[in-house]
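File shown: work-v4.cif. Contents: mmCIF, C-alpha atoms.
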data_work
#
loop_
_atom_site.group_PDB
_atom_site.id
_atom_site.type_symbol
_atom_site.label_atom_id
_atom_site.label_comp_id
_atom_site.auth_asym_id
_atom_site.auth_seq_id
_atom_site.Cartn_x
_atom_site.Cartn_y
_atom_site.Cartn_z
ATOM 1 C CA MET A 1 0.000 0.000 0.000
ATOM 2 C CA HIS A 2 2.772 2.405 1.026
ATOM 3 C CA ASP A 3 4.748 1.627 -2.133
ATOM 4 C CA LYS A 4 1.705 2.352 -4.261
ATOM 5 C CA VAL A 5 1.261 5.771 -2.636
ATOM 6 C CA LYS A 6 4.963 6.488 -3.127
ATOM 7 C CA GLU A 7 4.625 5.569 -6.781
ATOM 8 C CA ASP A 8 1.617 7.839 -7.342
ATOM 9 C CA PHE A 9 2.999 10.751 -5.347
ATOM 10 C CA PRO A 10 6.785 10.545 -5.665
ATOM 11 C CA ILE A 11 7.498 14.035 -4.326
ATOM 12 C CA ASP A 12 7.244 14.756 -0.591
ATOM 13 C CA TRP A 13 5.173 17.702 0.578
ATOM 14 C CA GLU A 14 8.301 19.436 1.909
ATOM 15 C CA ALA A 15 10.347 18.740 -1.199
ATOM 16 C CA ASP A 16 7.582 20.252 -3.291
ATOM 17 C CA GLN A 17 8.180 23.612 -1.551
ATOM 18 C CA TYR A 18 11.871 23.692 -2.538
ATOM 19 C CA VAL A 19 12.969 26.131 -5.211
ATOM 20 C CA CYS A 20 14.823 24.373 -7.997
ATOM 21 C CA ARG A 21 17.971 25.861 -9.474
ATOM 22 C CA ARG A 22 16.178 26.776 -12.679
ATOM 23 C CA GLU A 23 13.542 28.788 -10.757
ATOM 24 C CA PHE A 24 16.236 30.460 -8.667
ATOM 25 C CA LEU A 25 18.092 31.499 -11.817
ATOM 26 C CA LYS A 26 14.837 32.837 -13.276
ATOM 27 C CA PHE A 27 14.254 34.885 -10.136
ATOM 28 C CA MET A 28 17.792 36.295 -10.236
ATOM 29 C CA THR A 29 17.398 37.259 -13.892
ATOM 30 C CA LEU A 30 14.111 38.961 -13.018
ATOM 31 C CA ALA A 31 15.840 40.861 -10.204
ATOM 32 C CA SER A 32 18.564 41.814 -12.672
ATOM 33 C CA GLY A 33 15.855 43.170 -14.995
ATOM 34 C CA GLY A 34 14.404 45.226 -12.139
ATOM 35 C CA LEU A 35 17.798 46.729 -11.323
ATOM 36 C CA ALA A 36 18.423 47.513 -15.010
ATOM 37 C CA VAL A 37 15.039 49.288 -15.224
ATOM 38 C CA GLY A 38 15.925 51.252 -12.061
ATOM 39 C CA SER A 39 19.310 52.309 -13.438
ATOM 40 C CA VAL A 40 17.813 53.325 -16.783
ATOM 41 C CA SER A 41 15.144 55.363 -14.930
ATOM 42 C CA ILE A 42 17.832 57.251 -13.019
ATOM 43 C CA ALA A 43 19.670 57.951 -16.286
ATOM 44 C CA ALA A 44 16.423 59.121 -17.932
ATOM 45 C CA LEU A 45 15.717 61.376 -14.955
ATOM 46 C CA SER A 46 19.196 62.868 -15.256
ATOM 47 C CA ARG A 47 18.562 63.655 -18.944
ATOM 48 C CA LEU A 48 15.256 65.323 -18.059
ATOM 49 C CA ARG A 49 16.907 67.340 -15.295
ATOM 50 C CA ARG A 50 19.618 68.506 -17.668
ATOM 51 C CA SER A 51 17.254 69.479 -20.474
ATOM 52 C CA GLY A 52 14.567 70.955 -18.211
ATOM 53 C CA ALA A 53 14.606 74.669 -17.441
ATOM 54 C CA GLN A 54 14.452 76.028 -13.884
ATOM 55 C CA PRO A 55 10.951 76.109 -12.394
ATOM 56 C CA ALA A 56 8.927 79.318 -12.592
ATOM 57 C CA ALA A 57 9.839 82.127 -10.192
ATOM 58 C CA VAL A 58 7.797 82.372 -6.998
ATOM 59 C CA PHE A 59 7.326 85.435 -4.799
ATOM 60 C CA VAL A 60 8.653 84.741 -1.294
ATOM 61 C CA CYS A 61 8.167 87.924 0.732
ATOM 62 C CA THR A 62 9.381 91.496 0.889
ATOM 63 C CA SER A 63 12.750 92.413 2.391
ATOM 64 C CA ASP A 64 10.941 94.395 5.113
ATOM 65 C CA GLU A 65 8.886 91.364 6.160
ATOM 66 C CA LEU A 66 12.032 89.273 6.363
ATOM 67 C CA ARG A 67 13.809 91.908 8.408
ATOM 68 C CA THR A 68 10.938 91.883 10.929
ATOM 69 C CA THR A 69 10.711 88.137 11.487
ATOM 70 C CA GLY A 70 14.218 87.003 10.520
ATOM 71 C CA TRP A 71 12.908 84.006 8.627
ATOM 72 C CA ARG A 72 9.963 82.938 6.541
ATOM 73 C CA GLU A 73 8.661 79.672 5.145
ATOM 74 C CA PHE A 74 7.602 79.303 1.539
ATOM 75 C CA PHE A 75 7.008 76.482 -0.932
ATOM 76 C CA TYR A 76 9.229 76.020 -3.952
ATOM 77 C CA PRO A 77 9.283 74.698 -6.668
ATOM 78 C CA GLY A 78 6.046 72.786 -5.928
ATOM 79 C CA THR A 79 3.342 73.477 -3.361
ATOM 80 C CA GLU A 80 4.588 70.529 -1.295
ATOM 81 C CA ASP A 81 8.268 71.484 -1.213
ATOM 82 C CA PRO A 82 8.837 73.477 1.990
ATOM 83 C CA CYS A 83 11.685 75.985 1.900
ATOM 84 C CA ILE A 84 12.959 78.573 4.317
ATOM 85 C CA VAL A 85 14.418 81.998 3.677
ATOM 86 C CA VAL A 86 16.516 83.596 6.417
ATOM 87 C CA GLN A 87 18.411 86.767 7.095
ATOM 88 C CA LEU A 88 21.881 85.977 8.414
ATOM 89 C CA LYS A 89 23.744 88.015 11.033
ATOM 90 C CA SER A 90 25.882 89.397 8.221
ATOM 91 C CA GLY A 91 22.730 90.779 6.583
ATOM 92 C CA LYS A 92 22.899 88.301 3.723
ATOM 93 C CA VAL A 93 19.661 86.610 2.634
ATOM 94 C CA ALA A 94 19.747 82.860 1.950
ATOM 95 C CA ALA A 95 17.116 80.242 1.199
ATOM 96 C CA TYR A 96 17.205 76.448 1.423
ATOM 97 C CA SER A 97 14.901 73.494 1.222
ATOM 98 C CA ARG A 98 13.552 72.727 4.704
ATOM 99 C CA ARG A 99 13.905 68.984 4.179
ATOM 100 C CA CYS A 100 16.789 67.536 6.144
ATOM 101 C CA THR A 101 18.955 65.463 3.803
ATOM 102 C CA HIS A 102 18.981 62.634 6.341
ATOM 103 C CA LEU A 103 15.329 61.583 6.646
ATOM 104 C CA SER A 104 13.462 64.666 5.387
ATOM 105 C CA CYS A 105 12.408 66.108 8.766
ATOM 106 C CA PRO A 106 11.799 69.883 8.520
ATOM 107 C CA VAL A 107 14.809 71.829 9.769
ATOM 108 C CA LEU A 108 14.411 74.698 12.266
ATOM 109 C CA TRP A 109 16.090 78.078 12.066
ATOM 110 C CA GLN A 110 18.396 78.960 14.972
ATOM 111 C CA ALA A 111 19.136 82.652 14.512
ATOM 112 C CA LYS A 112 21.563 82.957 17.424
ATOM 113 C CA ASN A 113 23.852 80.283 15.930
ATOM 114 C CA ASP A 114 23.201 81.184 12.284
ATOM 115 C CA ARG A 115 22.363 77.563 11.544
ATOM 116 C CA PHE A 116 19.541 75.165 10.740
ATOM 117 C CA TYR A 117 18.819 72.454 13.242
ATOM 118 C CA CYS A 118 17.082 69.135 12.652
ATOM 119 C CA PRO A 119 15.480 67.948 15.915
ATOM 120 C CA CYS A 120 14.906 64.397 14.667
ATOM 121 C CA HIS A 121 18.535 63.239 14.893
ATOM 122 C CA ASN A 122 20.477 66.309 16.066
ATOM 123 C CA GLY A 123 21.638 67.307 12.610
ATOM 124 C CA ALA A 124 22.743 70.862 11.905
ATOM 125 C CA PHE A 125 23.521 72.826 8.744
ATOM 126 C CA SER A 126 25.396 76.074 8.201
ATOM 127 C CA ALA A 127 23.180 78.925 7.055
ATOM 128 C CA GLU A 128 26.071 80.359 5.026
ATOM 129 C CA ASP A 129 26.246 77.564 2.483
ATOM 130 C CA GLY A 130 23.962 74.789 3.758
ATOM 131 C CA SER A 131 26.887 72.502 4.595
ATOM 132 C CA VAL A 132 26.553 69.862 7.307
ATOM 133 C CA LEU A 133 27.855 70.991 10.703
ATOM 134 C CA GLN A 134 26.930 67.974 12.799
ATOM 135 C CA GLY A 135 24.861 64.834 12.899
ATOM 136 C CA PRO A 136 23.948 62.162 10.386
ATOM 137 C CA PRO A 137 22.865 64.170 7.275
ATOM 138 C CA PRO A 138 24.962 62.940 4.334
ATOM 139 C CA ARG A 139 24.593 66.011 2.114
ATOM 140 C CA PRO A 140 24.228 69.800 2.416
ATOM 141 C CA LEU A 141 20.774 71.378 2.269
ATOM 142 C CA THR A 142 19.474 72.113 -1.223
ATOM 143 C CA ARG A 143 19.947 75.799 -1.891
ATOM 144 C CA VAL A 144 17.234 77.947 -3.468
ATOM 145 C CA ILE A 145 18.466 80.686 -5.804
ATOM 146 C CA LEU A 146 16.981 84.058 -4.884
ATOM 147 C CA ASP A 147 16.516 87.238 -6.826
ATOM 148 C CA ILE A 148 15.795 90.509 -5.047
ATOM 149 C CA ARG A 149 13.686 92.739 -7.263
ATOM 150 C CA GLY A 150 13.143 96.170 -5.752
ATOM 151 C CA GLY A 151 12.585 95.064 -2.182
ATOM 152 C CA GLU A 152 10.806 91.855 -3.147
ATOM 153 C CA ILE A 153 12.447 88.464 -2.708
ATOM 154 C CA TRP A 154 11.746 85.905 -5.435
ATOM 155 C CA ALA A 155 12.783 82.254 -5.617
ATOM 156 C CA VAL A 156 14.049 81.702 -9.149
ATOM 157 C CA GLY A 157 15.737 78.300 -9.158
ATOM 158 C CA ILE A 158 17.284 75.361 -7.361
ATOM 159 C CA GLU A 159 21.019 74.908 -7.069
ATOM 160 C CA SER A 160 21.317 71.233 -7.945
ATOM 161 C CA GLU A 161 24.979 70.369 -8.595
ATOM 162 C CA ARG A 162 27.079 71.124 -5.535
ATOM 163 C CA MET B 163 25.182 9.175 -18.998
ATOM 164 C CA LYS B 164 25.619 9.641 -15.268
ATOM 165 C CA GLU B 165 28.992 11.334 -15.863
ATOM 166 C CA ARG B 166 27.400 13.635 -18.444
ATOM 167 C CA ASN B 167 24.671 14.646 -15.973
ATOM 168 C CA ARG B 168 27.269 15.356 -13.321
ATOM 169 C CA GLN B 169 29.141 17.608 -15.738
ATOM 170 C CA LYS B 170 25.929 19.399 -16.669
ATOM 171 C CA SER B 171 25.130 19.946 -13.032
ATOM 172 C CA GLN B 172 28.543 21.508 -12.456
ATOM 173 C CA VAL B 173 28.140 23.793 -15.462
ATOM 174 C CA VAL B 174 24.707 24.932 -14.205
ATOM 175 C CA ALA B 175 26.162 25.615 -10.748
ATOM 176 C CA ALA B 176 28.978 27.672 -12.287
ATOM 177 C CA MET B 177 26.504 29.642 -14.388
ATOM 178 C CA GLN B 178 24.394 30.275 -11.321
ATOM 179 C CA LEU B 179 27.387 31.561 -9.400
ATOM 180 C CA PHE B 180 28.389 33.840 -12.271
ATOM 181 C CA ASN B 181 24.806 35.130 -12.491
ATOM 182 C CA PHE B 182 24.855 35.864 -8.764
ATOM 183 C CA ILE B 183 28.162 37.753 -8.987
ATOM 184 C CA LEU B 184 26.797 39.848 -11.841
ATOM 185 C CA LEU B 185 23.651 40.595 -9.834
ATOM 186 C CA VAL B 186 25.723 41.824 -6.882
ATOM 187 C CA LEU B 187 27.726 44.029 -9.274
ATOM 188 C CA GLN B 188 24.491 45.388 -10.714
ATOM 189 C CA MET B 189 23.160 46.169 -7.220
ATOM 190 C CA TRP B 190 26.369 48.023 -6.419
ATOM 191 C CA LEU B 191 26.032 50.070 -9.632
ATOM 192 C CA PHE B 192 22.390 50.865 -8.869
ATOM 193 C CA VAL B 193 23.042 51.958 -5.284
ATOM 194 C CA GLY B 194 26.049 54.038 -6.377
ATOM 195 C CA SER B 195 24.148 55.885 -9.102
ATOM 196 C CA LEU B 196 21.152 56.414 -6.790
ATOM 197 C CA GLU B 197 23.382 57.838 -4.053
ATOM 198 C CA ASN B 198 25.009 60.209 -6.534
ATOM 199 C CA ALA B 199 21.668 61.192 -8.044
ATOM 200 C CA LEU B 200 20.290 62.082 -4.611
ATOM 201 C CA ARG B 201 23.385 64.210 -4.092
ATOM 202 C CA GLY B 202 22.550 65.989 -7.360
ATOM 203 C CA ASP B 203 25.406 64.439 -9.326
ATOM 204 C CA PHE B 204 24.098 62.628 -12.384
ATOM 205 C CA GLY B 205 27.485 62.047 -14.041
ATOM 206 C CA MET B 206 27.517 58.355 -13.184
ATOM 207 C CA ALA B 207 23.894 57.655 -14.170
ATOM 208 C CA LEU B 208 24.351 56.990 -17.885
ATOM 209 C CA PRO B 209 27.443 54.701 -17.736
ATOM 210 C CA SER B 210 25.843 52.822 -14.841
ATOM 211 C CA ALA B 211 22.600 52.320 -16.791
ATOM 212 C CA ALA B 212 24.543 51.084 -19.836
ATOM 213 C CA ALA B 213 26.539 48.625 -17.708
ATOM 214 C CA SER B 214 23.367 47.464 -15.974
ATOM 215 C CA VAL B 215 21.602 46.745 -19.276
ATOM 216 C CA LEU B 216 24.699 44.885 -20.478
ATOM 217 C CA ILE B 217 24.677 42.748 -17.319
ATOM 218 C CA LEU B 218 20.967 42.048 -17.825
ATOM 219 C CA GLY B 219 21.778 40.854 -21.353
ATOM 220 C CA VAL B 220 24.480 38.515 -20.021
ATOM 221 C CA ASN B 221 22.104 37.199 -17.336
ATOM 222 C CA ILE B 222 19.392 36.463 -19.910
ATOM 223 C CA TRP B 223 21.984 34.741 -22.085
ATOM 224 C CA ILE B 224 23.020 32.585 -19.109
ATOM 225 C CA LEU B 225 19.380 31.708 -18.363
ATOM 226 C CA LEU B 226 18.755 30.687 -21.958
ATOM 227 C CA GLY B 227 21.990 28.699 -21.872
ATOM 228 C CA VAL B 228 20.742 26.739 -18.853
ATOM 229 C CA PHE B 229 17.408 26.058 -20.587
ATOM 230 C CA ARG B 230 19.293 24.849 -23.668
ATOM 231 C CA LEU B 231 21.525 22.639 -21.525
ATOM 232 C CA GLU B 232 18.511 21.054 -19.844
ATOM 233 C CA ARG B 233 16.828 20.316 -23.160
ATOM 234 C CA GLU B 234 19.881 18.476 -24.484
ATOM 235 C CA PRO B 235 19.614 14.701 -24.212
#
Mind turning the file's structure into structure tokens?
Amino acid sequence: MHDKVKEDFPIDWEADQYVCRREFLKFMTLASGGLAVGSVSIAALSRLRRSGAQPAAVFVCTSDELRTTGWREFFYPGTEDPCIVVQLKSGKVAAYSRRCTHLSCPVLWQAKNDRFYCPCHNGAFSAEDGSVLQGPPPRPLTRVILDIRGGEIWAVGIESER
Amino acid sequence: MKERNRQKSQVVAAMQLFNFILLVLQMWLFVGSLENALRGDFGMALPSAAASVLILGVNIWILLGVFRLEREP
């Protein structure tokens, strides 16, 4: 009786769950395809970035408003891209993306230290050039290019290659 | 016949290993170009994509080779 069952069902239940080498190779080739698609997407994105013009200029605030508060939040280039414009101790005006380059927490302006602080993981960035002062952020903050037109501050572009 | 099957098995194992090494290389290329892209440096993106597609071609060739090997008597 047992032999008959073995003959009809030669593969054990457990052995049936094993992945054969052919299937494993198929899976690896599929993974390779996924990685190739990812790499090509990055390359395509880079071409688009290079050919694309800077986003449209956005009004941020007036110089007087900035002088009063010391900093101001605005959204650039999209309505979901928070940025911050600040007046440094030296009187210079600078603007950066508010997203921390570590895990995208919004950075806070610390006027007395002339720096941006990320409370999530104690990261800090220089307000002079956006460079990392401390903590885990791997890259400087993305800088927003400003244009001051007769007392009005406008965001006119993003400084991408740094 | 048994000897032939043993040889085939070894060839398949070698192909599998080579495929795996290429996949690791491809992952490294992908992570490297992604890291650079997030930093705003897209200089590596195009060569990395070309290399990745080339590796995919080699992997498909290996897979077809294994299928062909299995079909052989």
For stretch 218-222 of chain B: contacts at 9 Å, all atoms listed in the file, fewer than 2 positions along chain excluded, given as a ChimeraX atom specification = /A:25-26,28-30,32-33,35-36 /B:180-181,184-185,188,213-216,224-227
Check what the PyMOL selection byres ((chain A) within 9 of (chain B)) selects in the file above and give those residues as a PyMOL selection string.
-> chain A and resi 21-22+24-26+28-33+35-47+138-140+160-162
If you measure from atom CA of A:Asp114 to atom CA of A:Ala127, what distance in Å do you get, rounded to one decimal?
-> 5.7 Å
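In this comparison, which uses only C-alpha atoms, the residue of A:Ile158, A:Val19, A:Val93, A:Ala111 approaching A:Thr62 most closely is A:Val93.
Interatomic distance, atom CA of A:Trp109 against atom CA of A:Phe74: 13.6 Å.
Taking atom CA of A:Leu141 and atom CA of A:Tyr117 as the two end points, the separation is 11.2 Å.
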As a check of understanding, name the residues that the PyMOL selection byres ((chain A and resi 147) around 12) selects in the supplied structure, as an mmCIF file with C-alpha atoms, in the coordinates of the input.
data_model
loop_
_atom_site.group_PDB
_atom_site.id
_atom_site.type_symbol
_atom_site.label_atom_id
_atom_site.label_comp_id
_atom_site.auth_asym_id
_atom_site.auth_seq_id
_atom_site.Cartn_x
_atom_site.Cartn_y
_atom_site.Cartn_z
ATOM 1 C CA ALA A 57 9.839 82.127 -10.192
ATOM 2 C CA VAL A 58 7.797 82.372 -6.998
ATOM 3 C CA PHE A 59 7.326 85.435 -4.799
ATOM 4 C CA VAL A 60 8.653 84.741 -1.294
ATOM 5 C CA CYS A 61 8.167 87.924 0.732
ATOM 6 C CA THR A 62 9.381 91.496 0.889
ATOM 7 C CA SER A 63 12.750 92.413 2.391
ATOM 8 C CA VAL A 85 14.418 81.998 3.677
ATOM 9 C CA VAL A 93 19.661 86.610 2.634
ATOM 10 C CA ALA A 94 19.747 82.860 1.950
ATOM 11 C CA ALA A 95 17.116 80.242 1.199
ATOM 12 C CA VAL A 144 17.234 77.947 -3.468
ATOM 13 C CA ILE A 145 18.466 80.686 -5.804
ATOM 14 C CA LEU A 146 16.981 84.058 -4.884
ATOM 15 C CA ILE A 148 15.795 90.509 -5.047
ATOM 16 C CA ARG A 149 13.686 92.739 -7.263
ATOM 17 C CA GLY A 150 13.143 96.170 -5.752
ATOM 18 C CA GLY A 151 12.585 95.064 -2.182
ATOM 19 C CA GLU A 152 10.806 91.855 -3.147
ATOM 20 C CA ILE A 153 12.447 88.464 -2.708
ATOM 21 C CA TRP A 154 11.746 85.905 -5.435
ATOM 22 C CA ALA A 155 12.783 82.254 -5.617
ATOM 23 C CA VAL A 156 14.049 81.702 -9.149
ATOM 24 C CA GLY A 157 15.737 78.300 -9.158
ATOM 25 C CA ILE A 158 17.284 75.361 -7.361
#
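The neighbours of A:Cys118 here are the residues that come within 7 Å of it, using only C-alpha atoms and leaving out any residue fewer than 3 positions away in the same chain; they are A:Cys100, A:Cys105, A:Pro106, A:Val107, A:Leu108, A:His121, A:Asn122, A:Gly123, A:Ala124.
Across A:Ser104, A:Gln87, A:Ser97, A:Thr79, the tightest approach to A:Pro137 is made by A:Ser104 when counting only C-alpha atoms.
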